[in-house]
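Visitor: So I've got this file, protein22.cif, and it contains mmCIF, C-alpha atoms:
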```
data_query
#
loop_
_atom_site.label_atom_id
_atom_site.label_comp_id
_atom_site.auth_asym_id
_atom_site.auth_seq_id
_atom_site.Cartn_x
_atom_site.Cartn_y
_atom_site.Cartn_z
CA MET C 139 99.29 126.69 66.08
CA GLN C 140 95.98 128.16 64.92
CA THR C 141 95.65 131.85 64.13
CA PRO C 142 92.92 133.77 66.01
CA ARG C 143 90.83 133.82 62.83
CA CYS C 144 91.08 130.04 62.36
CA ALA C 145 90.37 129.43 66.04
CA TRP C 146 87.26 131.60 65.82
CA LYS C 147 86.05 129.67 62.78
CA THR C 148 86.67 126.38 64.57
CA TRP C 149 84.62 127.42 67.58
CA ALA C 150 81.87 128.83 65.36
CA ALA C 151 81.71 125.50 63.54
CA ARG C 152 81.50 123.62 66.84
CA ILE C 153 78.74 125.86 68.16
CA GLY C 154 76.89 125.46 64.88
CA ALA C 155 77.25 121.69 65.11
CA ILE C 156 75.77 121.69 68.62
CA VAL C 157 72.83 123.87 67.55
CA VAL C 158 72.08 121.71 64.51
CA GLY C 159 72.48 118.55 66.58
CA ALA C 160 70.16 119.92 69.27
CA VAL C 161 67.43 120.69 66.74
CA LEU C 162 67.80 117.31 65.04
CA LEU C 163 67.57 115.62 68.43
CA GLN C 164 64.18 117.26 69.02
CA VAL C 165 63.05 116.00 65.61
CA VAL C 166 64.13 112.48 66.55
CA PHE C 167 62.31 112.75 69.88
CA PHE C 168 59.09 113.90 68.27
CA SER C 169 59.29 111.38 65.43
CA ALA C 170 59.69 108.57 67.96
CA LEU C 171 56.49 109.71 69.68
CA VAL C 172 54.60 109.75 66.37
CA VAL C 173 55.72 106.20 65.59
CA THR C 174 54.81 105.07 69.10
CA GLU C 175 51.35 106.61 68.89
CA SER C 176 50.79 104.68 65.65
CA ILE C 177 50.68 101.40 67.60
CA PRO C 178 47.04 100.13 67.57
CA ASN C 179 45.23 100.82 70.83
CA ASP C 180 43.06 97.68 70.82
CA ARG C 181 45.88 95.37 71.89
CA ILE C 182 47.02 97.75 74.66
CA LEU C 183 43.47 98.19 75.92
CA GLN C 184 42.96 94.42 76.00
CA LYS C 185 46.14 93.92 78.02
CA LEU C 186 45.29 96.69 80.51
CA GLN C 187 41.79 95.31 81.08
CA GLN C 188 43.18 91.81 81.56
CA ASP C 189 45.84 93.10 83.97
CA ALA C 190 43.18 94.99 85.92
CA GLN C 191 41.17 91.77 86.34
CA GLU C 192 44.32 90.03 87.56
CA GLN C 193 44.94 92.94 89.97
CA LEU C 194 48.32 93.81 88.46
CA TRP C 195 47.31 97.44 88.83
CA SER C 196 44.54 99.23 90.70
CA ASP C 197 42.63 102.49 90.90
CA ALA C 198 44.74 103.72 93.84
CA ASN C 199 46.76 106.81 92.92
CA PHE C 200 49.28 106.42 95.74
CA VAL C 201 50.29 103.10 97.28
CA PRO C 202 52.18 102.50 100.58
CA ASP C 203 55.79 101.64 99.77
CA GLY C 204 56.12 99.01 102.50
CA VAL C 205 59.59 100.18 103.55
CA SER C 206 58.99 103.47 105.35
CA ARG C 207 56.58 105.22 107.69
CA ASN C 208 53.76 106.69 105.61
CA GLY C 209 55.90 106.46 102.46
CA LEU C 210 54.05 106.40 99.16
CA LEU C 211 54.68 105.08 95.67
CA ASP C 212 53.55 107.22 92.76
CA ALA C 213 51.00 105.08 90.91
CA TYR C 214 49.39 108.34 89.72
CA THR C 215 52.09 108.95 87.10
CA ASP C 216 52.14 105.25 86.23
CA CYS C 217 48.48 105.36 85.19
CA ILE C 218 49.03 108.44 83.04
CA SER C 219 51.91 106.68 81.30
CA LEU C 220 50.00 103.40 80.92
CA THR C 221 47.03 105.06 79.23
CA THR C 222 48.95 107.42 76.96
CA GLY C 223 47.25 107.78 73.58
CA LEU C 224 44.41 105.39 74.39
CA TYR C 225 41.32 105.95 72.31
CA ALA C 226 41.99 109.49 71.24
CA GLN C 227 40.55 108.28 67.94
CA GLU C 228 39.75 111.74 66.63
CA LEU C 229 43.44 112.63 66.80
CA SER C 230 46.09 111.50 64.33
CA PRO C 231 49.37 110.01 65.63
CA PHE C 232 50.96 113.41 64.98
CA GLN C 233 48.32 115.19 67.06
CA ARG C 234 48.62 112.61 69.81
CA ALA C 235 52.37 113.14 69.92
CA VAL C 236 51.73 116.88 70.24
CA ARG C 237 48.99 116.83 72.88
CA TYR C 238 49.90 113.74 74.95
CA PRO C 239 46.35 112.40 75.51
CA HIS C 240 45.76 110.00 78.40
CA LEU C 241 42.90 108.73 80.55
CA GLY C 242 43.82 110.57 83.74
CA ASN C 243 44.88 109.36 87.16
CA CYS C 244 44.32 105.77 88.28
CA GLU C 245 40.74 106.24 89.44
CA GLU C 246 39.83 108.10 86.26
CA SER C 247 41.65 105.56 84.09
CA PHE C 248 39.72 102.63 85.55
CA GLN C 249 36.43 104.46 85.00
CA ALA C 250 37.42 105.34 81.44
CA LEU C 251 38.38 101.74 80.63
CA GLU C 252 34.95 100.56 81.78
CA GLN C 253 33.25 103.27 79.74
CA ILE C 254 35.29 102.38 76.65
CA GLU C 255 34.33 98.71 77.03
CA GLN C 256 30.65 99.68 77.31
CA GLY C 257 30.86 102.10 74.39
CA ALA C 258 29.98 105.02 76.66
CA PRO C 259 31.61 108.47 76.45
CA PHE C 260 34.65 109.07 78.63
CA VAL C 261 36.84 111.99 79.66
CA GLN C 262 40.11 112.48 77.77
CA ARG C 263 42.96 114.25 79.55
CA PHE C 264 46.00 115.97 78.03
CA TYR C 265 49.56 116.57 79.25
CA PRO C 266 51.30 118.57 76.50
CA ARG C 267 53.82 120.30 78.77
CA TYR C 268 55.82 117.05 79.12
CA TRP C 269 57.40 114.98 76.37
CA GLY C 270 56.30 111.70 77.89
CA GLY C 271 59.14 109.96 76.11
CA ASN C 272 58.73 106.91 78.31
CA SER C 273 55.80 105.97 76.07
CA VAL C 274 58.39 104.95 73.46
CA ILE C 275 59.21 102.10 75.84
CA ILE C 276 55.86 101.63 77.56
CA ARG C 277 53.40 101.33 74.67
CA PRO C 278 55.30 98.64 72.69
CA LEU C 279 55.88 96.58 75.85
CA LEU C 280 52.23 96.88 76.87
CA ALA C 281 51.14 95.69 73.44
CA MET C 282 53.50 92.71 73.61
CA GLY C 283 53.08 91.48 77.18
CA GLY C 284 51.15 93.88 79.36
CA ILE C 285 52.15 95.44 82.66
CA SER C 286 54.11 92.42 83.94
CA LEU C 287 56.48 92.52 80.95
CA LEU C 288 56.80 96.29 81.27
CA ARG C 289 57.77 96.14 84.94
CA THR C 290 60.24 93.33 84.30
CA VAL C 291 61.97 95.30 81.55
CA VAL C 292 62.09 98.48 83.65
CA LEU C 293 63.71 96.55 86.51
CA ALA C 294 66.22 95.00 84.10
CA LEU C 295 67.06 98.44 82.69
CA ALA C 296 67.60 99.83 86.19
CA VAL C 297 69.83 96.94 87.26
CA GLY C 298 71.75 97.03 83.99
CA SER C 299 72.31 100.79 84.13
CA VAL C 300 73.53 100.69 87.72
CA ALA C 301 75.82 97.74 86.92
CA LEU C 302 77.27 99.61 83.94
CA LEU C 303 77.81 102.74 86.04
CA LEU C 304 79.60 100.78 88.76
CA THR C 305 81.69 98.95 86.16
CA CYS C 306 82.77 102.26 84.62
CA SER C 307 83.54 103.64 88.07
CA ALA C 308 85.62 100.57 88.93
CA ARG C 309 87.62 100.74 85.70
CA ARG C 310 88.24 104.48 85.73
CA SER C 311 88.46 105.14 89.47
CA ALA C 312 87.46 102.40 91.93
CA LEU C 313 84.39 100.33 92.74
CA VAL C 314 84.00 101.41 96.37
CA PRO C 315 83.26 105.14 95.76
CA GLY C 316 80.59 104.22 93.21
CA VAL C 317 78.93 101.78 95.58
CA VAL C 318 79.13 104.21 98.50
CA MET C 319 77.48 106.92 96.40
CA LEU C 320 74.42 104.69 95.85
CA VAL C 321 74.18 103.27 99.39
CA PRO C 322 72.00 106.08 100.88
CA LEU C 323 69.61 105.87 97.94
CA ALA C 324 69.38 102.06 98.08
CA PHE C 325 69.44 101.64 101.86
CA SER C 326 67.38 104.59 103.12
CA THR C 327 64.79 105.39 100.42
CA ASN C 328 62.04 103.63 98.49
CA MET C 329 63.76 104.13 95.12
CA PHE C 330 64.27 100.42 94.51
CA ALA C 331 60.88 99.52 95.97
CA GLN C 332 59.34 101.04 92.84
CA THR C 333 59.47 97.85 90.81
CA VAL C 334 55.66 97.43 90.85
CA TYR C 335 54.15 100.83 91.58
CA GLY C 336 56.09 103.98 90.76
CA PHE C 337 57.96 102.23 87.96
CA THR C 338 58.10 105.48 85.97
CA HIS C 339 60.46 106.84 88.64
CA LEU C 340 62.64 103.73 88.42
CA LEU C 341 62.75 104.05 84.63
CA GLU C 342 63.90 107.66 84.92
CA PHE C 343 66.63 106.62 87.35
CA ALA C 344 67.76 103.94 84.90
CA VAL C 345 68.06 106.61 82.21
CA ALA C 346 69.94 108.92 84.61
CA ALA C 347 72.42 106.17 85.55
CA PHE C 348 72.99 105.21 81.93
CA MET C 349 73.57 108.79 80.77
CA ALA C 350 76.02 109.28 83.66
CA THR C 351 78.24 106.58 82.14
CA LEU C 352 78.80 108.60 78.95
CA PRO C 353 81.74 110.70 80.28
CA PHE C 354 83.62 107.48 81.01
CA PHE C 355 83.59 106.63 77.30
CA LEU C 356 85.11 109.92 76.14
CA ARG C 357 88.54 109.04 74.77
CA ARG C 358 89.65 112.67 74.51
CA LEU C 359 88.18 115.01 77.07
CA ARG C 360 87.86 118.21 75.05
CA PRO C 361 85.41 120.96 76.07
CA PHE C 362 83.36 120.43 72.90
CA HIS C 363 83.01 116.69 73.56
CA LEU C 364 82.05 117.16 77.20
CA PHE C 365 79.51 119.87 76.39
CA ALA C 366 77.93 117.78 73.64
CA THR C 367 77.77 114.77 75.97
CA GLY C 368 76.22 116.80 78.79
CA PHE C 369 73.72 118.36 76.42
CA LEU C 370 72.70 114.90 75.19
CA ALA C 371 72.38 113.57 78.74
CA GLY C 372 70.19 116.47 79.87
CA SER C 373 68.04 116.28 76.74
CA VAL C 374 67.40 112.55 76.97
CA PHE C 375 66.54 112.79 80.65
CA ASN C 376 64.07 115.61 80.05
CA TYR C 377 62.48 113.52 77.31
CA MET C 378 61.72 110.83 79.93
CA ASP C 379 61.14 113.09 82.93
CA PHE C 380 57.92 114.23 84.61
CA LEU C 381 59.79 116.69 86.85
CA HIS C 382 60.34 113.98 89.44
CA ASN C 383 64.00 114.26 90.48
CA PRO C 384 66.08 116.00 87.78
CA SER C 385 68.69 117.01 90.34
CA ILE C 386 69.67 113.36 90.85
CA ALA C 387 70.35 112.89 87.14
CA TRP C 388 72.10 116.26 86.95
CA SER C 389 74.44 115.77 89.90
CA LEU C 390 75.15 112.16 88.89
CA PHE C 391 76.32 113.25 85.44
CA VAL C 392 78.44 116.08 86.85
CA PHE C 393 80.07 113.81 89.42
CA SER C 394 80.92 111.23 86.76
CA SER C 395 82.47 113.96 84.62
CA VAL C 396 84.51 115.27 87.54
CA LEU C 397 85.65 111.76 88.45
CA VAL C 398 86.88 111.12 84.90
CA THR C 399 88.64 114.48 84.76
CA PHE C 400 90.30 114.07 88.16
CA ARG C 401 91.53 110.65 87.23
CA ARG C 402 93.37 112.09 84.26
CA GLY C 403 95.51 114.35 86.42
CA VAL C 404 94.38 117.83 85.39
CA THR C 405 95.20 121.04 87.25
CA THR C 406 92.89 122.54 89.86
CA TRP C 407 91.50 125.19 87.55
CA ARG C 408 90.97 122.67 84.77
CA LEU C 409 89.09 120.44 87.21
CA VAL C 410 86.86 123.34 88.24
CA GLY C 411 86.37 124.28 84.60
CA TRP C 412 85.29 120.76 83.62
CA ALA C 413 82.86 120.67 86.54
CA LEU C 414 81.28 123.98 85.54
CA LEU C 415 81.10 122.84 81.92
CA ALA C 416 79.37 119.61 82.96
CA VAL C 417 76.91 121.57 85.12
CA ALA C 418 76.12 124.01 82.32
CA SER C 419 75.90 121.51 79.47
CA TRP C 420 73.46 119.21 81.27
CA ILE C 421 71.05 121.93 82.36
CA VAL C 422 71.22 123.65 78.96
CA GLY C 423 70.27 120.37 77.29
CA TYR C 424 67.47 119.80 79.80
CA ALA C 425 66.11 123.35 79.44
CA PHE C 426 66.41 123.41 75.64
CA THR C 427 64.51 120.15 75.28
CA TRP C 428 61.81 121.21 77.71
CA GLY C 429 61.57 124.59 76.00
CA SER C 430 61.10 122.92 72.63
CA ARG C 431 58.30 120.82 74.12
CA TRP C 432 56.62 123.94 75.47
CA MET C 433 56.93 125.56 72.06
CA ILE C 434 55.19 122.56 70.48
CA ALA C 435 52.50 122.72 73.17
CA VAL C 436 51.85 126.42 72.52
CA LEU C 437 51.85 126.10 68.73
CA TRP C 438 49.78 122.92 68.35
CA GLY C 439 49.01 121.39 71.74
CA GLY C 440 46.26 123.60 73.05
CA GLU C 441 48.33 125.10 75.90
CA THR C 442 48.85 128.84 76.20
CA LEU C 443 52.11 130.45 77.21
CA THR C 444 50.28 132.08 80.13
CA GLU C 445 49.24 128.65 81.44
CA LEU C 446 52.77 127.31 81.20
CA ILE C 447 54.27 130.36 82.91
CA GLY C 448 51.62 130.02 85.62
CA LYS C 449 52.72 126.44 86.19
CA MET C 450 56.32 127.56 86.53
CA PHE C 451 55.34 130.17 89.13
CA LEU C 452 53.50 127.45 91.04
CA TRP C 453 56.46 125.06 90.88
CA THR C 454 58.92 127.69 92.10
CA GLY C 455 56.66 128.60 95.01
CA GLU C 456 56.05 132.17 93.86
CA GLY C 457 52.29 131.73 94.31
CA GLU C 458 52.77 130.60 97.92
CA PRO C 459 55.33 132.84 99.68
CA GLU C 460 55.74 130.46 102.64
CA ARG C 461 57.05 127.84 100.22
CA ALA C 462 59.55 130.25 98.67
CA TRP C 463 61.45 130.85 101.91
CA LEU C 464 65.09 129.94 101.57
CA GLY C 465 65.78 126.51 103.03
CA GLU C 466 62.13 125.55 103.50
CA SER C 467 62.00 122.86 100.81
CA SER C 468 65.33 121.29 101.85
CA LYS C 469 64.18 121.29 105.47
CA THR C 470 60.89 119.65 104.52
CA ALA C 471 62.58 116.99 102.38
CA THR C 472 65.22 116.23 105.02
CA GLY C 473 62.59 115.95 107.75
CA TYR C 474 60.48 113.64 105.61
CA TRP C 475 63.50 111.41 104.99
CA ILE C 476 64.77 111.27 108.58
CA HIS C 477 61.37 110.75 110.20
CA GLY C 478 60.00 108.48 107.49
CA MET C 479 62.89 106.10 106.82
CA PRO C 480 64.10 104.10 109.86
CA SER C 481 67.50 103.57 108.19
CA ALA C 482 68.08 107.28 107.52
CA ARG C 483 69.70 107.81 110.92
CA ILE C 484 72.03 104.87 110.30
CA VAL C 485 73.16 106.46 107.03
CA LEU C 486 73.74 109.80 108.77
CA ALA C 487 75.75 108.09 111.52
CA LEU C 488 77.94 106.26 109.00
CA LEU C 489 78.50 109.49 107.08
CA LEU C 490 79.49 111.25 110.30
CA VAL C 491 82.00 108.51 111.10
CA LEU C 492 83.46 108.76 107.59
CA ALA C 493 83.73 112.55 107.92
CA ILE C 494 85.54 112.26 111.27
CA VAL C 495 87.99 109.69 109.89
CA PHE C 496 88.57 111.96 106.88
CA ILE C 497 89.31 114.96 109.10
CA VAL C 498 91.74 112.96 111.24
CA ARG C 499 93.48 111.70 108.12
CA ALA C 500 93.62 115.20 106.63
CA VAL C 501 95.24 116.57 109.79
CA ARG C 502 97.78 113.76 110.12
CA SER C 503 98.79 113.45 106.45
CA ARG C 504 97.96 116.65 104.63
CA GLY C 505 99.60 115.72 101.37
CA SER C 506 97.32 112.74 100.77
CA VAL C 507 94.12 114.77 100.52
CA SER C 508 92.97 116.34 97.27
CA TRP C 509 91.32 119.55 98.41
CA PRO C 510 90.30 120.66 94.89
CA PHE C 511 88.39 117.42 94.29
CA LEU C 512 86.83 117.71 97.74
CA ALA C 513 85.56 121.21 96.99
CA VAL C 514 84.25 120.30 93.54
CA GLY C 515 82.61 117.09 94.79
CA LEU C 516 80.82 118.86 97.64
CA ALA C 517 79.65 121.56 95.24
CA THR C 518 78.29 118.82 92.96
CA ALA C 519 76.34 117.32 95.87
CA ALA C 520 74.88 120.78 96.56
CA VAL C 521 73.10 120.65 93.19
CA ASN C 522 70.38 118.59 94.90
CA PRO C 523 69.31 121.00 97.66
CA VAL C 524 69.76 123.94 95.30
CA TRP C 525 67.27 122.35 92.89
CA LEU C 526 64.83 121.76 95.76
CA GLU C 527 65.06 125.44 96.69
CA VAL C 528 64.62 126.72 93.14
CA MET C 529 61.60 124.46 92.60
CA SER C 530 60.36 124.93 96.16
CA GLY C 531 56.64 124.80 95.42
CA HIS C 532 56.94 121.55 93.49
CA SER C 533 59.46 120.09 95.96
CA ILE C 534 57.26 120.61 99.02
CA HIS C 535 54.01 119.53 97.37
CA HIS C 536 55.63 116.32 96.09
CA VAL C 537 57.96 115.71 99.01
CA PHE C 538 57.07 112.00 99.04
CA PHE C 539 59.41 111.58 96.06
CA THR C 540 61.49 114.77 95.91
CA TYR C 541 63.06 113.84 99.28
CA LEU C 542 65.22 111.33 97.37
CA ALA C 543 67.49 114.22 96.38
CA ILE C 544 68.72 114.61 99.98
CA PRO C 545 70.12 111.09 100.55
CA PHE C 546 71.51 110.99 97.03
CA GLY C 547 73.37 114.24 97.65
CA LEU C 548 74.78 112.72 100.84
CA GLY C 549 75.91 109.72 98.80
CA ILE C 550 77.94 112.04 96.59
CA VAL C 551 79.41 113.64 99.72
CA ALA C 552 80.50 110.22 101.02
CA SER C 553 82.00 109.23 97.67
CA THR C 554 83.82 112.57 97.48
CA LEU C 555 85.39 112.03 100.90
CA LEU C 556 86.64 108.61 99.83
CA VAL C 557 88.11 109.70 96.50
CA SER C 558 89.73 112.87 97.82
CA GLY C 559 91.02 111.36 101.06
CA TRP C 560 92.32 107.96 100.05
CA PRO C 561 94.70 107.70 97.08
CA SER C 562 93.91 103.99 96.69
CA SER C 563 90.33 104.91 95.76
CA ARG C 564 91.45 106.60 92.55
CA LYS C 565 93.58 105.49 89.64
CA PRO C 566 95.67 108.32 88.17
CA GLU C 567 96.58 107.95 84.53
CA PRO C 568 99.63 109.44 82.83
CA VAL C 569 97.59 110.48 79.79
CA ALA C 570 96.86 114.20 80.00
CA VAL C 571 93.69 115.90 78.94
CA ALA C 572 93.83 117.04 75.34
CA PRO C 573 94.56 120.77 74.97
CA THR C 574 91.65 123.03 74.21
#
```
Let me see whether you can do it: turn the structure in this file into structure tokens.
Guide:
Amino acid sequence: MQTPRCAWKTWAARIGAIVVGAVLLQVVFFSALVVTESIPNDRILQKLQQDAQEQLWSDANFVPDGVSRNGLLDAYTDCISLTTGLYAQELSPFQRAVRYPHLGNCEESFQALEQIEQGAPFVQRFYPRYWGGNSVIIRPLLAMGGISLLRTVVLALAVGSVALLLTCSARRSALVPGVVMLVPLAFSTNMFAQTVYGFTHLLEFAVAAFMATLPFFLRRLRPFHLFATGFLAGSVFNYMDFLHNPSIAWSLFVFSSVLVTFRRGVTTWRLVGWALLAVASWIVGYAFTWGSRWMIAVLWGGETLTELIGKMFLWTGEGEPERAWLGESSKTATGYWIHGMPSARIVLALLLVLAIVFIVRAVRSRGSVSWPFLAVGLATAAVNPVWLEVMSGHSIHHVFFTYLAIPFGLGIVASTLLVSGWPSSRKPEPVAVAPT
């Protein structure tokens, strides 16, 4: 048994390891951007111009998704990502990694490509408040095979990540809850229609799904290991994220962590503790990584702290009081989903049936229901509307993609009902969680 002094030293060493690891992770992130920006632009420009002639992309910033009423796919962000670093010749790879130069939205990018081809001056845009880590994947693939190769790889990553997540769920709990969790997202949104336009969103979801598998690989579920894993998951997602749907990645990681913990037969308070630790570790990693990017932007990227704080006020709805009203962003997102997706009502009806069956089962056989897991799972699902409320300005302005958080949260609710209400949907293991 450790003495209090030894225990304090152990925890101090662990905290120090996390801090050092967090800083080194930012160095790795930035170094990867520098290497990526060193790829010659000529080959990428040639591929983009050729793909434009073949109509593989267009100057439309938002494209109908083809699966919903008035639903849109975000080609705007795609064009920013496709033109990252192009012809910022006066900037070194280091400076490009700092300032994130690009050619603008789709209309601006097409104009700039024509001007570059003609040798005429063009407008260079900058996006230093985001890491833009997807360029580590996008620029090499563009240089090798253009947009068609890029979209194919993104689709493969999404399919592979989802398959891995479901495999982990099947081995550690059961396949059905994992599938049910994803049904609302797959069946009543345009998430998986983003294979051509909006592929940056699909790439982010692939990263979220992959990082959510990490808790399943923890052999010994100690607080230090879970916190480090959550920190890594939040950091990597922020590296790839353009503030699209962080709550999906966040709640998915937390739910995976809770599922692994519950499977190992911990007490109620330990289950709640692991859930809170997963919640905290992910958002700390996300915030730390975004904060380090903002620090880089202020020191070398041409952004001022006042500008960044102003953006945050805009995103949280503080500049528009009507958008800061409690419940307004969740109401807007839910309305957009229900009225825009014909299958949304079917999903709601199926969820209602499942809830009724769960209640009947709970009343008739009380001992078979895990109330602690039910409470923790529902709280995990609530991460999605809570995020929409905190970032109300951003959520309402970009409701055409932030609405995805609502059906995904309902997917977690459905999966929670299954796992907590039906013993056959979980696989208890005699191995206990390692002591703290």
Visitor: Where does the PyMOL selection byres ((chain C and resi 551) around 10) land in this file, that is, which residues does it pick, as an mmCIF file with C-alpha atoms, in the frame of the given file?
Guide:
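Final file, selection_2.cif:
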```
data_model
loop_
_atom_site.group_PDB
_atom_site.id
_atom_site.type_symbol
_atom_site.label_atom_id
_atom_site.label_comp_id
_atom_site.auth_asym_id
_atom_site.auth_seq_id
_atom_site.Cartn_x
_atom_site.Cartn_y
_atom_site.Cartn_z
ATOM 1 C CA VAL C 318 79.130 104.210 98.500
ATOM 2 C CA MET C 319 77.480 106.920 96.400
ATOM 3 C CA LEU C 489 78.500 109.490 107.080
ATOM 4 C CA ALA C 493 83.730 112.550 107.920
ATOM 5 C CA LEU C 512 86.830 117.710 97.740
ATOM 6 C CA GLY C 515 82.610 117.090 94.790
ATOM 7 C CA LEU C 516 80.820 118.860 97.640
ATOM 8 C CA ALA C 517 79.650 121.560 95.240
ATOM 9 C CA THR C 518 78.290 118.820 92.960
ATOM 10 C CA ALA C 519 76.340 117.320 95.870
ATOM 11 C CA ALA C 520 74.880 120.780 96.560
ATOM 12 C CA PRO C 545 70.120 111.090 100.550
ATOM 13 C CA PHE C 546 71.510 110.990 97.030
ATOM 14 C CA GLY C 547 73.370 114.240 97.650
ATOM 15 C CA LEU C 548 74.780 112.720 100.840
ATOM 16 C CA GLY C 549 75.910 109.720 98.800
ATOM 17 C CA ILE C 550 77.940 112.040 96.590
ATOM 18 C CA ALA C 552 80.500 110.220 101.020
ATOM 19 C CA SER C 553 82.000 109.230 97.670
ATOM 20 C CA THR C 554 83.820 112.570 97.480
ATOM 21 C CA LEU C 555 85.390 112.030 100.900
ATOM 22 C CA LEU C 556 86.640 108.610 99.830
#
```
Visitor: Near range 238-251 of chain C, counting all atoms listed in the file, which residues have an atom at most 8 Å away, once you skip same-chain residues fewer than 3 positions from it, shown as a ChimeraX atom specification?
Guide: /C:183,187,196-199,213-215,217-219,221-224,226,234-235,254-255,260-266,268-270
Visitor: I need the chosen residues saved as an mmCIF file, keeping the file's coordinate frame, with C-alpha atoms.
Guide:
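Below you can see out-v3.cif, which holds the result:
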```
data_model
loop_
_atom_site.group_PDB
_atom_site.id
_atom_site.type_symbol
_atom_site.label_atom_id
_atom_site.label_comp_id
_atom_site.auth_asym_id
_atom_site.auth_seq_id
_atom_site.Cartn_x
_atom_site.Cartn_y
_atom_site.Cartn_z
ATOM 1 C CA LEU C 183 43.470 98.190 75.920
ATOM 2 C CA GLN C 187 41.790 95.310 81.080
ATOM 3 C CA SER C 196 44.540 99.230 90.700
ATOM 4 C CA ASP C 197 42.630 102.490 90.900
ATOM 5 C CA ALA C 198 44.740 103.720 93.840
ATOM 6 C CA ASN C 199 46.760 106.810 92.920
ATOM 7 C CA ALA C 213 51.000 105.080 90.910
ATOM 8 C CA TYR C 214 49.390 108.340 89.720
ATOM 9 C CA THR C 215 52.090 108.950 87.100
ATOM 10 C CA CYS C 217 48.480 105.360 85.190
ATOM 11 C CA ILE C 218 49.030 108.440 83.040
ATOM 12 C CA SER C 219 51.910 106.680 81.300
ATOM 13 C CA THR C 221 47.030 105.060 79.230
ATOM 14 C CA THR C 222 48.950 107.420 76.960
ATOM 15 C CA GLY C 223 47.250 107.780 73.580
ATOM 16 C CA LEU C 224 44.410 105.390 74.390
ATOM 17 C CA ALA C 226 41.990 109.490 71.240
ATOM 18 C CA ARG C 234 48.620 112.610 69.810
ATOM 19 C CA ALA C 235 52.370 113.140 69.920
ATOM 20 C CA ILE C 254 35.290 102.380 76.650
ATOM 21 C CA GLU C 255 34.330 98.710 77.030
ATOM 22 C CA PHE C 260 34.650 109.070 78.630
ATOM 23 C CA VAL C 261 36.840 111.990 79.660
ATOM 24 C CA GLN C 262 40.110 112.480 77.770
ATOM 25 C CA ARG C 263 42.960 114.250 79.550
ATOM 26 C CA PHE C 264 46.000 115.970 78.030
ATOM 27 C CA TYR C 265 49.560 116.570 79.250
ATOM 28 C CA PRO C 266 51.300 118.570 76.500
ATOM 29 C CA TYR C 268 55.820 117.050 79.120
ATOM 30 C CA TRP C 269 57.400 114.980 76.370
ATOM 31 C CA GLY C 270 56.300 111.700 77.890
#
```
Visitor: Using all atoms listed in the file for the distances, tell me which of C:Phe167, C:Gln256, C:Gly283, C:Gly159 is nearest to Gln188 in chain C.
Guide: C:Gly283
Visitor: C:Pro361, C:Gly284, C:Gly559, C:Gly372: which is nearest Leu492 in chain C, counting all atoms listed in the file?
Guide: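 Smallest separation from Leu492 in chain C among the options: C:Gly559.
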Visitor: If you count only C-alpha atoms, which residues fall within 12 Å of Glu527 in chain C, apart from same-chain ones fewer than 4 positions away, as a list in words?
Guide: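 My reading of the contact set: Ser385, Trp453, Thr454, Gly455, Glu456, Arg461, Ala462, Trp463, Leu464, Gly465, Glu466, Ser467, Ser468, Lys469, Thr470, Ala471, Ala520, Val521, Asn522, Pro523, Gly531, His532, Ser533, Ile534, Thr540, Ala543 and Ile544 of chain C.
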Visitor: What's the 9 Å shell around range 473-478 of chain C, counting all atoms listed in the file, without same-chain residues fewer than 6 positions away, as a PyMOL selection string?
Guide: chain C and resi 206-209+326-327+537-538+541-542+544-545
Visitor: Might you spell out which residues the PyMOL selection byres ((chain C and resi 394) around 12) would select in the displayed file, as number ranges by chain?
Guide: C: 303-304, 306-308, 310-311, 315-316, 319, 346-356, 364, 367-368, 371, 387-393, 395-401, 412-413, 416-417, 514-515, 518-519, 550, 553-554
Visitor: Figure out the distance between CA of Ile182 in chain C and CA of Met433 in chain C, please, to one decimal in Å.
Guide: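 So the two atoms, CA of Met433 in chain C and CA of Ile182 in chain C, lie 29.6 Å apart.
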Visitor: Work out how far apart CA of Val172 in chain C and CA of Glu441 in chain C are and give it in Å to one decimal.
Guide: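 Separation between CA of Val172 in chain C and CA of Glu441 in chain C: 19.1 Å.
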Visitor: Find the distance between CA of Val557 in chain C and CA of Val495 in chain C and write it in Å to one decimal.
Guide: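 That distance, rounded to one decimal, is 13.4 Å.
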Visitor: Tell me which residues the PyMOL selection byres ((chain C and resi 276) around 12) grabs here, as a PyMOL selection string.
Guide: chain C and resi 171+174-175+177+182+216-223+270-275+277-292+337-338+341+378
